[in-house]
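*Asks:* You'll find work.csv just under this line, and it carries CSV, C-alpha atoms and all ligand atoms.
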chain,number,residue,atom,x,y,z
J,247,MET,CA,213.5,173.0,157.1
J,248,GLN,CA,210.5,175.0,158.2
J,249,SER,CA,206.8,174.3,157.7
J,250,PRO,CA,204.2,177.1,157.1
J,251,ASN,CA,202.7,176.0,160.5
J,252,GLY,CA,205.9,177.1,162.3
J,253,ARG,CA,207.4,173.7,162.9
J,254,THR,CA,211.0,173.2,162.1
J,255,ALA,CA,212.8,169.9,161.4
J,256,ASP,CA,216.5,169.8,162.0
J,257,HIS,CA,217.1,167.3,159.2
J,258,PRO,CA,215.3,167.0,155.8
J,259,ILE,CA,212.1,165.0,155.9
J,260,ASN,CA,208.9,164.8,153.9
J,261,PRO,CA,206.8,168.0,154.8
J,262,ILE,CA,203.8,165.8,155.8
J,263,PHE,CA,205.5,164.9,159.1
J,264,LEU,CA,205.6,168.5,160.1
J,265,GLU,CA,202.1,169.3,158.7
J,266,ARG,CA,200.3,166.5,160.7
J,267,PHE,CA,199.3,167.7,164.1
J,268,SER,CA,196.4,167.3,166.5
J,269,PRO,CA,194.0,170.2,166.2
J,270,ARG,CA,191.1,171.0,168.5
J,271,ALA,CA,189.2,173.4,166.2
J,272,PHE,CA,187.0,171.5,163.6
J,273,THR,CA,184.4,172.7,161.2
J,274,GLY,CA,181.7,170.0,161.8
J,275,GLU,CA,181.8,168.9,158.1
J,276,ALA,CA,180.8,165.3,157.5
J,277,MET,CA,183.2,163.0,155.6
J,278,SER,CA,182.4,161.0,152.5
J,279,GLU,CA,182.6,157.3,152.7
J,280,ALA,CA,185.3,157.4,150.0
J,281,ASP,CA,187.6,159.6,152.1
J,282,LEU,CA,187.0,157.5,155.2
J,283,LEU,CA,187.8,154.3,153.4
J,284,THR,CA,191.0,155.8,152.0
J,285,ILE,CA,192.1,156.8,155.5
J,286,PHE,CA,191.4,153.2,156.8
J,287,GLU,CA,193.0,151.7,153.8
J,288,ALA,CA,196.3,153.4,154.6
J,289,ALA,CA,196.1,152.0,158.2
J,290,ARG,CA,195.6,148.6,156.7
J,291,TRP,CA,199.0,148.6,155.1
J,292,ALA,CA,201.0,149.2,158.4
J,293,PRO,CA,203.5,146.5,159.2
J,294,SER,CA,202.8,144.0,162.1
J,295,SER,CA,204.4,141.0,163.8
J,296,TYR,CA,203.9,137.9,161.6
J,297,ASN,CA,201.6,140.2,159.5
J,298,SER,CA,199.0,139.5,162.2
J,299,GLN,CA,197.3,142.9,161.6
J,300,PRO,CA,195.8,143.0,165.1
J,301,TRP,CA,194.2,146.4,164.6
J,302,ARG,CA,190.4,146.8,164.4
J,303,PHE,CA,188.7,150.1,164.0
J,304,LEU,CA,185.1,150.7,165.3
J,305,TYR,CA,183.7,154.0,164.1
J,306,ALA,CA,180.7,156.3,164.1
J,307,ARG,CA,180.1,159.0,161.6
J,308,ARG,CA,178.4,162.2,162.7
J,309,ASP,CA,174.7,162.4,162.1
J,310,THR,CA,174.3,158.6,162.4
J,311,PRO,CA,172.6,156.7,165.3
J,312,MET,CA,175.9,155.6,166.9
J,313,TRP,CA,177.5,159.1,167.0
J,314,ASP,CA,176.2,160.0,170.5
J,315,THR,CA,177.3,156.6,171.9
J,316,PHE,CA,180.9,157.2,170.8
J,317,LEU,CA,181.0,160.8,171.7
J,318,ASN,CA,179.7,160.0,175.2
J,319,LEU,CA,182.6,157.7,175.8
J,320,LEU,CA,185.0,160.6,175.7
J,321,VAL,CA,185.9,162.7,178.8
J,322,PRO,CA,184.1,166.1,178.7
J,323,GLY,CA,187.3,168.0,177.8
J,324,ASN,CA,187.7,165.9,174.6
J,325,GLN,CA,183.9,165.9,173.9
J,326,GLY,CA,184.2,169.7,173.8
J,327,TRP,CA,186.2,169.7,170.5
J,328,ALA,CA,185.5,166.2,169.2
J,329,LYS,CA,181.8,167.0,168.8
J,330,ASP,CA,182.8,169.1,165.7
J,331,THR,CA,184.7,166.3,164.0
J,332,ALA,CA,183.3,164.0,161.3
J,333,VAL,CA,184.2,160.5,162.5
J,334,LEU,CA,184.9,159.0,165.9
J,335,VAL,CA,187.0,155.9,166.0
J,336,ILE,CA,187.9,153.4,168.7
J,337,LEU,CA,191.1,151.5,167.9
J,338,ILE,CA,191.4,148.1,169.5
J,339,SER,CA,194.0,145.3,169.0
J,340,LYS,CA,193.7,141.6,169.1
J,341,ILE,CA,195.9,140.1,171.9
J,342,SER,CA,196.4,136.7,170.4
J,343,MET,CA,197.6,135.7,166.9
J,344,SER,CA,198.1,132.7,164.8
J,345,VAL,CA,201.7,131.9,163.7
J,346,PRO,CA,203.1,129.4,161.3
J,347,GLY,CA,204.0,126.0,162.9
J,348,LYS,CA,201.7,126.6,166.0
J,349,GLU,CA,198.3,124.9,166.1
J,350,ILE,CA,196.8,127.3,168.7
J,351,PRO,CA,197.0,131.0,168.7
J,352,ILE,CA,199.8,132.5,170.9
J,353,GLN,CA,199.8,135.8,172.8
J,354,SER,CA,201.2,138.6,170.6
J,355,TYR,CA,204.1,140.6,172.2
J,356,SER,CA,203.5,143.6,169.9
J,357,HIS,CA,199.7,143.9,169.3
J,358,SER,CA,199.6,147.4,170.8
J,359,LEU,CA,202.8,148.5,169.0
J,360,ASP,CA,201.3,147.2,165.7
J,361,ALA,CA,198.1,149.1,166.3
J,362,GLY,CA,200.2,152.2,167.0
J,363,ALA,CA,201.8,151.9,163.6
J,364,ALA,CA,198.4,151.6,162.0
J,365,TRP,CA,197.3,154.8,163.9
J,366,GLY,CA,200.4,156.6,162.5
J,367,TYR,CA,199.6,155.6,159.0
J,368,LEU,CA,196.0,156.6,159.4
J,369,ALA,CA,197.0,160.0,160.8
J,370,LEU,CA,199.3,160.7,157.9
J,371,GLN,CA,196.8,159.6,155.3
J,372,ALA,CA,194.1,161.8,156.9
J,373,GLN,CA,196.5,164.7,156.6
J,374,MET,CA,197.3,163.9,153.0
J,375,SER,CA,193.6,163.7,152.2
J,376,GLY,CA,192.9,167.2,153.7
J,377,TRP,CA,191.6,165.9,157.1
J,378,ALA,CA,193.1,165.9,160.5
J,379,ALA,CA,193.1,163.0,163.0
J,380,HIS,CA,193.5,163.5,166.7
J,381,ALA,CA,194.2,160.6,169.1
J,382,MET,CA,192.8,160.4,172.7
J,383,VAL,CA,193.4,158.4,175.8
J,384,GLY,CA,190.8,160.6,177.5
J,385,PHE,CA,187.9,158.3,177.3
J,386,ASP,CA,186.2,155.6,179.4
J,387,LEU,CA,188.0,152.3,178.6
J,388,ASP,CA,185.7,150.0,180.6
J,389,ARG,CA,182.5,151.6,179.3
J,390,THR,CA,183.9,151.4,175.7
J,391,ALA,CA,184.4,147.6,176.0
J,392,ILE,CA,180.9,147.1,177.4
J,393,GLU,CA,179.0,149.5,175.2
J,394,LEU,CA,180.7,148.5,171.9
J,395,ASP,CA,180.6,144.7,172.7
J,396,ILE,CA,184.4,144.3,172.5
J,397,PRO,CA,185.5,140.7,173.1
J,398,ALA,CA,187.9,140.0,175.9
J,399,ASP,CA,190.7,139.0,173.5
J,400,TYR,CA,191.0,142.6,172.3
J,401,ARG,CA,192.7,145.5,174.1
J,402,VAL,CA,191.1,148.9,173.8
J,403,GLU,CA,193.9,151.2,172.6
J,404,ILE,CA,192.8,154.7,171.8
J,405,ALA,CA,190.0,156.9,170.6
J,406,LEU,CA,190.4,159.0,167.5
J,407,ALA,CA,188.6,161.9,166.1
J,408,ILE,CA,188.9,162.8,162.4
J,409,GLY,CA,187.6,166.0,161.0
J,410,ARG,CA,188.2,169.1,158.9
J,411,GLN,CA,190.4,171.6,160.7
J,412,VAL,CA,189.3,175.2,160.9
J,413,PRO,CA,192.0,177.2,159.1
J,414,PRO,CA,193.9,178.9,162.0
J,415,ALA,CA,193.6,182.3,160.2
J,416,GLU,CA,189.8,182.1,160.7
J,417,LEU,CA,190.0,181.6,164.5
J,418,PRO,CA,189.8,184.3,167.1
J,419,ASP,CA,193.2,185.2,168.6
J,420,ASP,CA,192.7,183.2,171.9
J,421,LYS,CA,191.8,180.0,170.0
J,422,LYS,CA,194.5,180.6,167.4
J,423,ALA,CA,197.2,180.4,170.1
J,424,LYS,CA,195.9,177.1,171.3
J,425,GLU,CA,196.0,175.7,167.8
J,426,LYS,CA,199.7,176.3,167.4
J,427,PRO,CA,201.5,173.0,166.6
J,428,ASN,CA,204.0,172.0,169.3
J,429,GLY,CA,207.7,171.1,168.9
J,430,ARG,CA,209.8,168.1,169.7
J,431,THR,CA,212.6,166.9,172.0
J,432,PRO,CA,216.0,167.5,170.4
J,433,ILE,CA,217.1,164.5,168.3
J,434,ALA,CA,220.3,164.1,170.3
J,435,THR,CA,218.2,163.2,173.4
J,436,LEU,CA,216.3,160.5,171.5
J,437,ILE,CA,219.0,158.6,169.6
J,438,ARG,CA,222.2,156.9,170.8
J,439,GLU,CA,224.6,154.9,168.7
J,440,GLY,CA,225.2,151.8,170.8
J,441,LYS,CA,224.3,151.3,174.4
J,442,PHE,CA,221.9,153.3,176.5
J,443,ALA,CA,224.0,155.9,178.3
J,444,LYS,CA,223.0,157.3,181.7
Z,501,LIG,C1,198.0,157.9,172.5
Z,501,LIG,C2,197.6,159.3,172.5
Z,501,LIG,C3,196.7,159.8,173.4
Z,501,LIG,C4,196.3,161.2,173.3
Z,501,LIG,N1,195.3,161.6,174.2
Z,501,LIG,C5,194.8,162.9,174.0
Z,501,LIG,C6,193.7,163.3,174.7
Z,501,LIG,O1,193.0,162.5,175.4
Z,501,LIG,N2,193.2,164.6,174.5
Z,501,LIG,C7,193.9,165.4,173.7
Z,501,LIG,O2,193.4,166.5,173.5
Z,501,LIG,N3,195.0,165.0,173.0
Z,501,LIG,C8,195.5,163.8,173.1
Z,501,LIG,N4,196.6,163.4,172.4
Z,501,LIG,C9,197.2,164.3,171.5
Z,501,LIG,C10,198.7,164.6,172.0
Z,501,LIG,O3,198.6,165.6,173.0
Z,501,LIG,C11,199.5,165.1,170.8
Z,501,LIG,O4,199.6,164.1,169.8
Z,501,LIG,C12,200.9,165.6,171.2
Z,501,LIG,O5,200.8,166.7,172.1
Z,501,LIG,C13,201.8,165.9,170.0
Z,501,LIG,O6,201.1,166.9,169.3
Z,501,LIG,P1,200.8,166.7,167.8
Z,501,LIG,O7,199.9,165.5,167.6
Z,501,LIG,O8,200.0,168.0,167.4
Z,501,LIG,O9,202.0,166.6,167.0
Z,501,LIG,C14,196.9,162.1,172.4
Z,501,LIG,C15,197.9,161.6,171.5
Z,501,LIG,C16,198.2,160.2,171.5
Z,501,LIG,C17,199.2,159.7,170.5
As structure tokens - that is how I would like this structure written.
Ligand SMILES: Cc1cc2nc3c(=O)[nH]c(=O)nc-3n(C[C@H](O)[C@H](O)[C@H](O)COP(=O)(O)O)c2cc1C
*Replies:*
Amino acid sequence: MQSPNGRTADHPINPIFLERFSPRAFTGEAMSEADLLTIFEAARWAPSSYNSQPWRFLYARRDTPMWDTFLNLLVPGNQGWAKDTAVLVILISKISMSVPGKEIPIQSYSHSLDAGAAWGYLALQAQMSGWAAHAMVGFDLDRTAIELDIPADYRVEIALAIGRQVPPAELPDDKKAKEKPNGRTPIATLIREGKFAK
């Protein structure tokens, strides 16, 4: 099946999986609080170990006092396009969790994995709501922890930028080429029935 954006899936899937991608051309439009809460609400329903829900989302909306603080955490290459998004997010995950039968919290094996699932839900909901979410590791992790007062029991995971994508048809040709969604490794390379085969 083929998406209008040129991506092809080898097996039938919901079109949203092909439509979601990570653009770098954004309009600068601000986001309503209702849309933002819908996007975070979807992330809230991700599965997690012991339902520990270790994800926390710190965010700054454009045209608010914290925007520049968040934007300045990004490497210059990411700042260049993220400045035109609507919301910047730092996703962190809680390293310890409470589990039934244990009096003191234990270290979670999967806090980062759980946060990754929440990011995936967020990205798909953003797409369904007419926005686009773009993840980044290109930001200053140490400065993020300090400047955003993140406690030691949390791992800084990724930065996210959520914004309204510029329709590719409205971009000049050189930028249009850069906004072409990429493909994927063949599924036969990714899956194996049974043992890992060398
Ligand atoms: C954890 C993570 C970190 C990423 N870091 C960056 C980044 O710093 N800058 C950037 O432009 N894109 C970044 N990306 C976007 C990836 O390059 C992109 O997701 C990947 O090429 C697949 O393309 P797609 O999201 O359009 O399907 C990151 C994505 C993830 C999931």
*Asks:* Step by step, measure atom-to-atom distances between ligand LIG 501 (chain Z) and each residue using all atoms listed in the file, keep those at most 10 Å, then write them as a PyMOL selection string.
*Replies:* chain J and resi 253+263-270+320-321+323-328+362+365-366+369+378-385+403-407+425-430
*Asks:* May I ask for the distance between CA of Ala276 in chain J and CA of Asp386 in chain J, given in Å to one decimal place?
*Replies:*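 These atoms are spaced 24.6 Å apart.
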*Asks:* Could you tell me how far CA of Ile392 in chain J sits from CA of Phe316 in chain J, in Å to one decimal place?
*Replies:*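 About the pair CA of Phe316 in chain J and CA of Ile392 in chain J: they are 12.1 Å apart.
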*Asks:* What's around range 348-354 of chain J at 9 Å? Count only C-alpha atoms, leave out sequence neighbours fewer than 5 positions away in its own chain, and write the answer as a ChimeraX atom specification.
*Replies:* /J:295,298,300,340-343
*Asks:* How would the residues just chosen look if you wrote them out with C-alpha atoms as an mmCIF file, keeping the file's coordinate frame?
*Replies:*
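The result, written out as part-v4.cif:
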data_model
loop_
_atom_site.group_PDB
_atom_site.id
_atom_site.type_symbol
_atom_site.label_atom_id
_atom_site.label_comp_id
_atom_site.auth_asym_id
_atom_site.auth_seq_id
_atom_site.Cartn_x
_atom_site.Cartn_y
_atom_site.Cartn_z
ATOM 1 C CA SER J 295 204.400 141.000 163.800
ATOM 2 C CA SER J 298 199.000 139.500 162.200
ATOM 3 C CA PRO J 300 195.800 143.000 165.100
ATOM 4 C CA LYS J 340 193.700 141.600 169.100
ATOM 5 C CA ILE J 341 195.900 140.100 171.900
ATOM 6 C CA SER J 342 196.400 136.700 170.400
ATOM 7 C CA MET J 343 197.600 135.700 166.900
#
*Asks:* Just how far from CA of Met312 in chain J is CA of Ser339 in chain J, in Å to one decimal?
*Replies:*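 Pair CA of Ser339 in chain J / CA of Met312 in chain J returns 20.9 Å.
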*Asks:* Write out as a PyMOL selection string the residues lying within 9 Å of Gln411 in chain J, counting all atoms listed in the file and excluding same-chain residues fewer than 2 positions away.
*Replies:* chain J and resi 269-274+331+376-378+409+413-414
*Asks:* The selected residues should be written to file as a short mmCIF file (atom, residue, chain, number, x, y, z; two decimals), in the coordinates of the input (atoms: C-alpha atoms).
*Replies:*
data_model
loop_
_atom_site.label_atom_id
_atom_site.label_comp_id
_atom_site.auth_asym_id
_atom_site.auth_seq_id
_atom_site.Cartn_x
_atom_site.Cartn_y
_atom_site.Cartn_z
CA PRO J 269 194.00 170.20 166.20
CA ARG J 270 191.10 171.00 168.50
CA ALA J 271 189.20 173.40 166.20
CA PHE J 272 187.00 171.50 163.60
CA THR J 273 184.40 172.70 161.20
CA GLY J 274 181.70 170.00 161.80
CA THR J 331 184.70 166.30 164.00
CA GLY J 376 192.90 167.20 153.70
CA TRP J 377 191.60 165.90 157.10
CA ALA J 378 193.10 165.90 160.50
CA GLY J 409 187.60 166.00 161.00
CA PRO J 413 192.00 177.20 159.10
CA PRO J 414 193.90 178.90 162.00
#
*Asks:* I need the residue nearest Pro261 in chain J from this list: J:Met277, J:Leu282, J:Leu370, J:Leu319. Use all atoms listed in the file for the distance.
*Replies:* J:Leu370
*Asks:* In terms of the shortest atom-to-atom distance over all atoms listed in the file, which of J:Leu387, J:Met247, J:Ala288, J:Ala363 is closest to Ile336 in chain J?
*Replies:*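 The shortest atom-to-atom distance to Ile336 in chain J comes from J:Leu387.
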